[in-house]
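Student: Sharing a structure here in structure tokens format.
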Amino acid sequence: MTDVRTAPTPLPESLRLDEELTQTLHEEYVHLHRNPELSMQEHRTAEWIEARLDELGIGHERVAGTGVVGVLRHPEGVAGPTVAYRADSDGLPVQEDSGLEYASTARGTLPDGTEVPVMHACGHDTHVAMGLSAARVLARHPEAWGGTVVFVFQPGEETAAGAQAMLDDGLWDRVPRPEAVIGQHVMPAKAGTVHYAPGDAMCLADSFKVTFTGKGAHGSMPERSIDPILLAAHAVTRLQGIVAREVAPADRAVVTVGTFHAGVKENVIPDTAEIALNVRTPTPEVREKVTAAIHRVLAAEALASGAPEPAVERYNSFPRMHNDAELTPAVMASIAATLGEDAVQQMAPLMGSEDVGALADALGVPLVYWFLGGFAGESFADNPANHTPQFAPLMEPTLTAGVHAALAGLLHFVGR
Ligand code: ZN
Ligand code: ZN
């Protein structure tokens with residue numbers, strides 16, 4: 001890759017959003033907010049993004065069904081690096097309760113056939129709108145940059161499927177190879193502020209469905225059973241020993257048992273019990289250690305009960321999200337020079353997960369991913385959390401700050 005730019009470069013005045021661009025940004029955001037779609041079903045969203053890219057004269061391709069990648073080459077061929085900007089596009093099965101005039105009333109169908117309300121409850125509508133507006137500004141101001149910007153509109157972030165699906169569908173074989181991947185995610189911090197953590201900024205995540213097979217019997221004859229409830233109960237308890245006793249406290253892992261299902265009647269010992277786990281780990285090494293311990297505990301508890309080894313199915317696996325240690329502070333300095341020094345703050349790593357890291361790790365290039373505040377309250381606790389029915393960011397100053405941050409981040413690479 002080219003040298004890391006170290007001098008902070010503020011966004012030129014001429015590239016800041018004017019009234020007309022701000023209005024377009026708001027209209028596009030409201031459209032997206034009203035029309036959320038579930039993960040890997042973003043068909044209308046993808047078509048709509050393609051139409052916007054057509055308006056901007058940006059060539060694009062479909063990747064992984066509902067992903068769209070747009071390639072903005074410098075119109076006069078001014079040479080420069082290639083950088084990728086990623087915006088995820090999926091909504092969530094959440095009933096919006098924001099009280100907004102443009103609140104979503106959309107409905108969708110989950111892969112299992114359940115009909116559900118759909119809402120952009122993680123703010124991915126802001127991500128798409130801000131990415132498109134950044135593209136619009138760069139397309140209008142070729143004097144400010146050189147090289148190529150690849151806009152990755154990624155589906156299915158919420159199920160950890162989208163980034164990998166785009167990679168599997170040859171994303172990086174279809175477009176110029178970027179020297180870095182950047183992006184941002186809206187969060188419950190003060191609107192217009194930017195928060196970042198260099199290094200492992202979020203957690204890897206894995207979910208596991210575990211089915212214990214015992215042996216059913218009449219409730220009065222436990223000697224004829226292998227009680228899967230007793231087995232599963234011991235397993236749940238013993239699983240908590242992994243984080244407490246096997247993982248270093250500084251490694252901040254989490255093992256949560258989120259579901260426990262067994263039995264239908266009090267005098268019938270059931271045949272099976274089912275639990276589901278959600279696991280967060282900060283690095284691939286800790287993931288491996290915790291995963292191995294989970295399998296060991298589950299198998300050993302089954303053995304202790306005289307039951308067969310339980311079936312363990314892993315799903316929703318989020319990769320690591322590692323912010324480049326050198327490049328991240330450098331890009332943040334450019335964003336701080338644009339939004340103001342007070343607006344950009346370093347934060348502790350988050351326990352949440354994201355699949356954006358896969359896009360950079362697949363190429364072995366650095367990632368710079370930051371968080372954008374979108375709410376009125378000063379602190380996290382004052383604002384609605386992502387994935388809740390009230391998670392509807394304030395349009396301003398959130399969207400304008402996000403576009404300016406995106407542009408400052410992109411120009412950190414391609415600016416001239
Ligand atoms: Zn989310
Ligand atoms: Zn999200």
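Please note that chains go A, B, ... in the order of the structure tokens, that every chain numbers its residues from 1, and that ligands are numbered from 1 in the order shown.
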Residues within 10 Å of ligand 1 should be enumerated using only C-alpha atoms and all ligand atoms and returned as a list in words.

Tutor: Asp88, Asp90, Gly91, Leu92, His120, Ala121, Cys122, Gly123, His124, Gly156, Glu157, Glu158, Thr159, Ala160, His185, Val186, Met187, Gly352, Ser353, Glu354, Ala385, Asn386, His387 and Thr388 of chain A

Student: Emit the selected residues as a short mmCIF file (atom, residue, chain, number, x, y, z; two decimals), in the first residue's frame, including C-alpha atoms.

Tutor:
data_model
loop_
_atom_site.label_atom_id
_atom_site.label_comp_id
_atom_site.auth_asym_id
_atom_site.auth_seq_id
_atom_site.Cartn_x
_atom_site.Cartn_y
_atom_site.Cartn_z
CA ASP A 88 -24.64 -2.16 4.88
CA ASP A 90 -30.46 -4.57 5.69
CA GLY A 91 -33.24 -3.91 8.19
CA LEU A 92 -34.42 -5.94 11.19
CA HIS A 120 -34.16 -0.02 9.97
CA ALA A 121 -33.53 -0.49 13.69
CA CYS A 122 -29.74 -0.54 13.29
CA GLY A 123 -29.52 2.61 11.17
CA HIS A 124 -28.30 0.95 7.98
CA GLY A 156 -27.18 -9.13 5.29
CA GLU A 157 -24.98 -7.59 7.99
CA GLU A 158 -27.43 -8.55 10.73
CA THR A 159 -27.12 -12.27 10.00
CA ALA A 160 -23.35 -12.14 9.41
CA HIS A 185 -21.89 2.69 11.88
CA VAL A 186 -24.44 4.84 13.66
CA MET A 187 -24.68 4.34 17.43
CA GLY A 352 -21.00 -6.07 19.67
CA SER A 353 -20.11 -7.60 16.32
CA GLU A 354 -19.93 -6.64 12.65
CA ALA A 385 -29.96 1.25 21.73
CA ASN A 386 -29.45 -0.25 18.28
CA HIS A 387 -32.10 -2.90 17.46
CA THR A 388 -34.82 -1.29 19.60
#

Student: Need the shell around Gly183 of chain A: protein/DNA/RNA residues with any atom at most 6 Å away, counting only C-alpha atoms. Skip same-chain ones fewer than 5 positions apart. Format as a PyMOL selection string?

Tutor: chain A and resi 85-86+369

Student: Can you spit out the residues from that selection as a PDB file, in the first residue's frame, using C-alpha atoms?

Tutor:
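selection_35.pdb was written with the following content:
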ATOM      1  CA  TYR A  85     -16.251   2.476   1.374  1.00  0.00           C
ATOM      2  CA  ARG A  86     -18.703  -0.005   2.840  1.00  0.00           C
ATOM      3  CA  TYR A 369     -14.256   1.647  10.828  1.00  0.00           C
TER       4      TYR A 369
END

Student: So which bits of segment 334-379 of chain A end up alpha helix (DSSP H) when you DSSP the backbone, as a PyMOL selection string?

Tutor: chain A and resi 334-339+356-361

Student: Let's have the selection written as a PDB file, in the first residue's frame, with all heavy atoms.

Tutor:
ATOM      1  N   SER A 334      -7.968  13.320  10.268  1.00  0.00           N
ATOM      2  CA  SER A 334      -8.587  14.040   9.153  1.00  0.00           C
ATOM      3  C   SER A 334     -10.070  14.303   9.440  1.00  0.00           C
ATOM      4  O   SER A 334     -10.600  15.362   9.094  1.00  0.00           O
ATOM      5  CB  SER A 334      -8.440  13.246   7.849  1.00  0.00           C
ATOM      6  OG  SER A 334      -7.107  13.330   7.388  1.00  0.00           O
ATOM      7  N   ILE A 335     -10.734  13.331  10.057  1.00  0.00           N
ATOM      8  CA  ILE A 335     -12.146  13.538  10.401  1.00  0.00           C
ATOM      9  C   ILE A 335     -12.267  14.606  11.488  1.00  0.00           C
ATOM     10  O   ILE A 335     -13.158  15.469  11.429  1.00  0.00           O
ATOM     11  CB  ILE A 335     -12.803  12.198  10.815  1.00  0.00           C
ATOM     12  CG1 ILE A 335     -12.839  11.248   9.607  1.00  0.00           C
ATOM     13  CG2 ILE A 335     -14.202  12.428  11.381  1.00  0.00           C
ATOM     14  CD1 ILE A 335     -13.402   9.876   9.894  1.00  0.00           C
ATOM     15  N   ALA A 336     -11.352  14.588  12.452  1.00  0.00           N
ATOM     16  CA  ALA A 336     -11.378  15.605  13.512  1.00  0.00           C
ATOM     17  C   ALA A 336     -11.122  16.993  12.930  1.00  0.00           C
ATOM     18  O   ALA A 336     -11.729  17.983  13.350  1.00  0.00           O
ATOM     19  CB  ALA A 336     -10.348  15.276  14.584  1.00  0.00           C
ATOM     20  N   ALA A 337     -10.235  17.076  11.941  1.00  0.00           N
ATOM     21  CA  ALA A 337      -9.953  18.371  11.303  1.00  0.00           C
ATOM     22  C   ALA A 337     -11.183  18.865  10.544  1.00  0.00           C
ATOM     23  O   ALA A 337     -11.329  20.056  10.270  1.00  0.00           O
ATOM     24  CB  ALA A 337      -8.762  18.234  10.355  1.00  0.00           C
ATOM     25  N   THR A 338     -12.083  17.922  10.207  1.00  0.00           N
ATOM     26  CA  THR A 338     -13.298  18.263   9.446  1.00  0.00           C
ATOM     27  C   THR A 338     -14.472  18.583  10.365  1.00  0.00           C
ATOM     28  O   THR A 338     -15.189  19.559  10.163  1.00  0.00           O
ATOM     29  CB  THR A 338     -13.657  17.078   8.520  1.00  0.00           C
ATOM     30  OG1 THR A 338     -12.563  16.857   7.624  1.00  0.00           O
ATOM     31  CG2 THR A 338     -14.925  17.342   7.740  1.00  0.00           C
ATOM     32  N   LEU A 339     -14.678  17.736  11.381  1.00  0.00           N
ATOM     33  CA  LEU A 339     -15.853  17.884  12.253  1.00  0.00           C
ATOM     34  C   LEU A 339     -15.554  18.691  13.514  1.00  0.00           C
ATOM     35  O   LEU A 339     -16.475  19.093  14.231  1.00  0.00           O
ATOM     36  CB  LEU A 339     -16.377  16.502  12.681  1.00  0.00           C
ATOM     37  CG  LEU A 339     -16.852  15.549  11.600  1.00  0.00           C
ATOM     38  CD1 LEU A 339     -17.417  14.276  12.235  1.00  0.00           C
ATOM     39  CD2 LEU A 339     -17.895  16.182  10.692  1.00  0.00           C
ATOM     40  N   VAL A 356     -17.949  -6.345   8.702  1.00  0.00           N
ATOM     41  CA  VAL A 356     -17.166  -5.524   7.769  1.00  0.00           C
ATOM     42  C   VAL A 356     -15.711  -5.978   7.709  1.00  0.00           C
ATOM     43  O   VAL A 356     -15.069  -5.882   6.652  1.00  0.00           O
ATOM     44  CB  VAL A 356     -17.253  -4.023   8.151  1.00  0.00           C
ATOM     45  CG1 VAL A 356     -16.608  -3.721   9.489  1.00  0.00           C
ATOM     46  CG2 VAL A 356     -16.631  -3.149   7.067  1.00  0.00           C
ATOM     47  N   GLY A 357     -15.186  -6.496   8.822  1.00  0.00           N
ATOM     48  CA  GLY A 357     -13.779  -6.895   8.868  1.00  0.00           C
ATOM     49  C   GLY A 357     -13.423  -7.930   7.822  1.00  0.00           C
ATOM     50  O   GLY A 357     -12.295  -7.963   7.321  1.00  0.00           O
ATOM     51  N   ALA A 358     -14.397  -8.784   7.463  1.00  0.00           N
ATOM     52  CA  ALA A 358     -14.136  -9.836   6.475  1.00  0.00           C
ATOM     53  C   ALA A 358     -13.732  -9.242   5.129  1.00  0.00           C
ATOM     54  O   ALA A 358     -12.923  -9.818   4.407  1.00  0.00           O
ATOM     55  CB  ALA A 358     -15.370 -10.723   6.310  1.00  0.00           C
ATOM     56  N   LEU A 359     -14.301  -8.073   4.793  1.00  0.00           N
ATOM     57  CA  LEU A 359     -14.016  -7.462   3.493  1.00  0.00           C
ATOM     58  C   LEU A 359     -12.549  -7.049   3.394  1.00  0.00           C
ATOM     59  O   LEU A 359     -11.933  -7.169   2.336  1.00  0.00           O
ATOM     60  CB  LEU A 359     -14.926  -6.245   3.261  1.00  0.00           C
ATOM     61  CG  LEU A 359     -16.432  -6.531   3.238  1.00  0.00           C
ATOM     62  CD1 LEU A 359     -17.213  -5.228   3.103  1.00  0.00           C
ATOM     63  CD2 LEU A 359     -16.791  -7.492   2.105  1.00  0.00           C
ATOM     64  N   ALA A 360     -11.997  -6.534   4.494  1.00  0.00           N
ATOM     65  CA  ALA A 360     -10.592  -6.123   4.502  1.00  0.00           C
ATOM     66  C   ALA A 360      -9.676  -7.333   4.680  1.00  0.00           C
ATOM     67  O   ALA A 360      -8.662  -7.464   3.990  1.00  0.00           O
ATOM     68  CB  ALA A 360     -10.355  -5.109   5.624  1.00  0.00           C
ATOM     69  N   ASP A 361     -10.061  -8.232   5.597  1.00  0.00           N
ATOM     70  CA  ASP A 361      -9.205  -9.391   5.871  1.00  0.00           C
ATOM     71  C   ASP A 361      -9.058 -10.307   4.660  1.00  0.00           C
ATOM     72  O   ASP A 361      -8.026 -10.960   4.491  1.00  0.00           O
ATOM     73  CB  ASP A 361      -9.748 -10.178   7.074  1.00  0.00           C
ATOM     74  CG  ASP A 361      -9.443  -9.476   8.404  1.00  0.00           C
ATOM     75  OD1 ASP A 361      -8.658  -8.498   8.385  1.00  0.00           O
ATOM     76  OD2 ASP A 361      -9.984  -9.890   9.439  1.00  0.00           O
TER      77      ASP A 361
END

Student: Skip Ala381 of chain A itself and residues of its chain fewer than 4 positions away, then list as number ranges by chain all residues within 10 Å of it, counting only C-alpha atoms.

Tutor: A: 188-189, 377, 385

Student: Could you write those residues out with N, CA and C atoms, as a compact mmCIF listing (two decimals), in the first residue's frame?

Tutor:
# COMPACT_ATOMS: atom_id res chain seq x y z
N PRO A 188 -25.75 4.89 19.58
CA PRO A 188 -26.49 5.78 20.49
C PRO A 188 -25.59 6.78 21.21
N ALA A 189 -24.80 7.52 20.49
CA ALA A 189 -24.00 8.59 21.08
C ALA A 189 -24.55 9.93 20.58
N GLY A 377 -29.22 12.68 23.34
CA GLY A 377 -28.63 12.53 24.66
C GLY A 377 -27.11 12.56 24.62
N ALA A 385 -31.02 2.15 22.22
CA ALA A 385 -29.96 1.25 21.73
C ALA A 385 -30.30 0.76 20.32

Student: Taking into account only C-alpha atoms and all ligand atoms, which residue in the set A:Val236, A:Met347, A:Leu132, A:Ala87 is nearest to ligand 2?

Tutor: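 Of A:Val236, A:Met347, A:Leu132, A:Ala87, the one nearest ligand 2 is A:Ala87, counting only C-alpha atoms and all ligand atoms.
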
Student: Given the choices A:Leu17, A:Ala233, A:Ala217, A:Val175, which gets closest to Ser305 of chain A if the distance is worked out from only C-alpha atoms?

Tutor: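 Ranking A:Leu17, A:Ala233, A:Ala217, A:Val175 by distance to Ser305 of chain A, first place goes to A:Ala233.
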
Student: In Å, how far is it from atom CA of Met40 of chain A to atom CA of Glu28 of chain A?

Tutor: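 Atom CA of Glu28 of chain A lies at a distance of 20.8 Å from atom CA of Met40 of chain A.
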
Student: So that I can see what lies close to Ala64 of chain A, please list as an MDAnalysis selection string the residues with an atom at most 8 Å from it, counting only C-alpha atoms and leaving out residues fewer than 5 positions away in the same chain.

Tutor: chainID A and resid 162 165:166 168:169

Student: Which of these residues is nearest to Ser225 of chain A, using only C-alpha atoms: A:Val268, A:Val257, A:Ala161, A:Leu56?

Tutor: A:Val268

Student: For Thr281 of chain A, please output as a ChimeraX atom specification all residues within 9 Å (counting only C-alpha atoms; exclusion window: fewer than 2 positions along the same chain).

Tutor: /A:202-206,251-255,279,283-287,290,320,351

Student: Using only C-alpha atoms, find each residue in segment 153-212 of chain A having at least one atom no more than 12 Å away from segment 136-148 of chain A; report its shortest atom-to-atom pair and that distance in Å (one decimal), rows by chain then rising number, as a Markdown table.

Tutor:
| residue | atom | partner | partner_atom | distance |
| --- | --- | --- | --- | --- |
| A:Val175 | CA | A:Thr148 | CA | 10.0 |
| A:Pro176 | CA | A:Thr148 | CA | 7.8 |
| A:Arg177 | CA | A:Thr148 | CA | 9.6 |
| A:Pro178 | CA | A:Thr148 | CA | 8.4 |
| A:Glu179 | CA | A:Thr148 | CA | 10.5 |
| A:Ala180 | CA | A:Thr148 | CA | 11.7 |

Student: What does the file look like for those residues with N, CA, C and O atoms, as a PDB file, in the first residue's frame?

Tutor:
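Result went into selection.pdb, see below:
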ATOM      1  N   VAL A 175     -13.820  -5.796  -9.084  1.00  0.00           N
ATOM      2  CA  VAL A 175     -13.587  -4.354  -8.986  1.00  0.00           C
ATOM      3  C   VAL A 175     -12.104  -4.116  -8.703  1.00  0.00           C
ATOM      4  O   VAL A 175     -11.400  -5.038  -8.283  1.00  0.00           O
ATOM      5  N   PRO A 176     -11.624  -2.879  -8.921  1.00  0.00           N
ATOM      6  CA  PRO A 176     -10.225  -2.596  -8.580  1.00  0.00           C
ATOM      7  C   PRO A 176      -9.975  -2.890  -7.104  1.00  0.00           C
ATOM      8  O   PRO A 176     -10.823  -2.613  -6.255  1.00  0.00           O
ATOM      9  N   ARG A 177      -8.835  -3.465  -6.841  1.00  0.00           N
ATOM     10  CA  ARG A 177      -8.492  -3.889  -5.475  1.00  0.00           C
ATOM     11  C   ARG A 177      -8.164  -2.671  -4.617  1.00  0.00           C
ATOM     12  O   ARG A 177      -7.253  -1.918  -4.924  1.00  0.00           O
ATOM     13  N   PRO A 178      -8.906  -2.458  -3.533  1.00  0.00           N
ATOM     14  CA  PRO A 178      -8.629  -1.295  -2.685  1.00  0.00           C
ATOM     15  C   PRO A 178      -7.409  -1.515  -1.799  1.00  0.00           C
ATOM     16  O   PRO A 178      -7.078  -2.653  -1.465  1.00  0.00           O
ATOM     17  N   GLU A 179      -6.770  -0.439  -1.407  1.00  0.00           N
ATOM     18  CA  GLU A 179      -5.641  -0.563  -0.477  1.00  0.00           C
ATOM     19  C   GLU A 179      -6.108  -0.444   0.967  1.00  0.00           C
ATOM     20  O   GLU A 179      -5.334  -0.669   1.892  1.00  0.00           O
ATOM     21  N   ALA A 180      -7.362  -0.086   1.151  1.00  0.00           N
ATOM     22  CA  ALA A 180      -7.942  -0.051   2.500  1.00  0.00           C
ATOM     23  C   ALA A 180      -9.462  -0.086   2.360  1.00  0.00           C
ATOM     24  O   ALA A 180     -10.010   0.277   1.312  1.00  0.00           O
TER      25      ALA A 180
END

Student: Name the closest residue to ligand 2 among the candidates A:Pro155, A:Pro310, A:Pro8, A:Gly80; distances are taken between atoms, counting only C-alpha atoms and all ligand atoms.

Tutor: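 Using only C-alpha atoms and all ligand atoms, the shortest distance to ligand 2 belongs to A:Pro155.
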
Student: Please report the interatomic distance between atom CA of Val116 of chain A and atom CA of Thr211 of chain A in Å with one decimal.

Tutor: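 Between atom CA of Val116 of chain A and atom CA of Thr211 of chain A the gap is 26.5 Å.
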
Student: Considering only C-alpha atoms, return as a PyMOL selection string whatever protein or nucleic-acid residues lie within 9 Å of Arg238 of chain A, sequence-local ones (same chain, fewer than 6 positions apart) excluded.

Tutor: chain A and resi 297-298+301
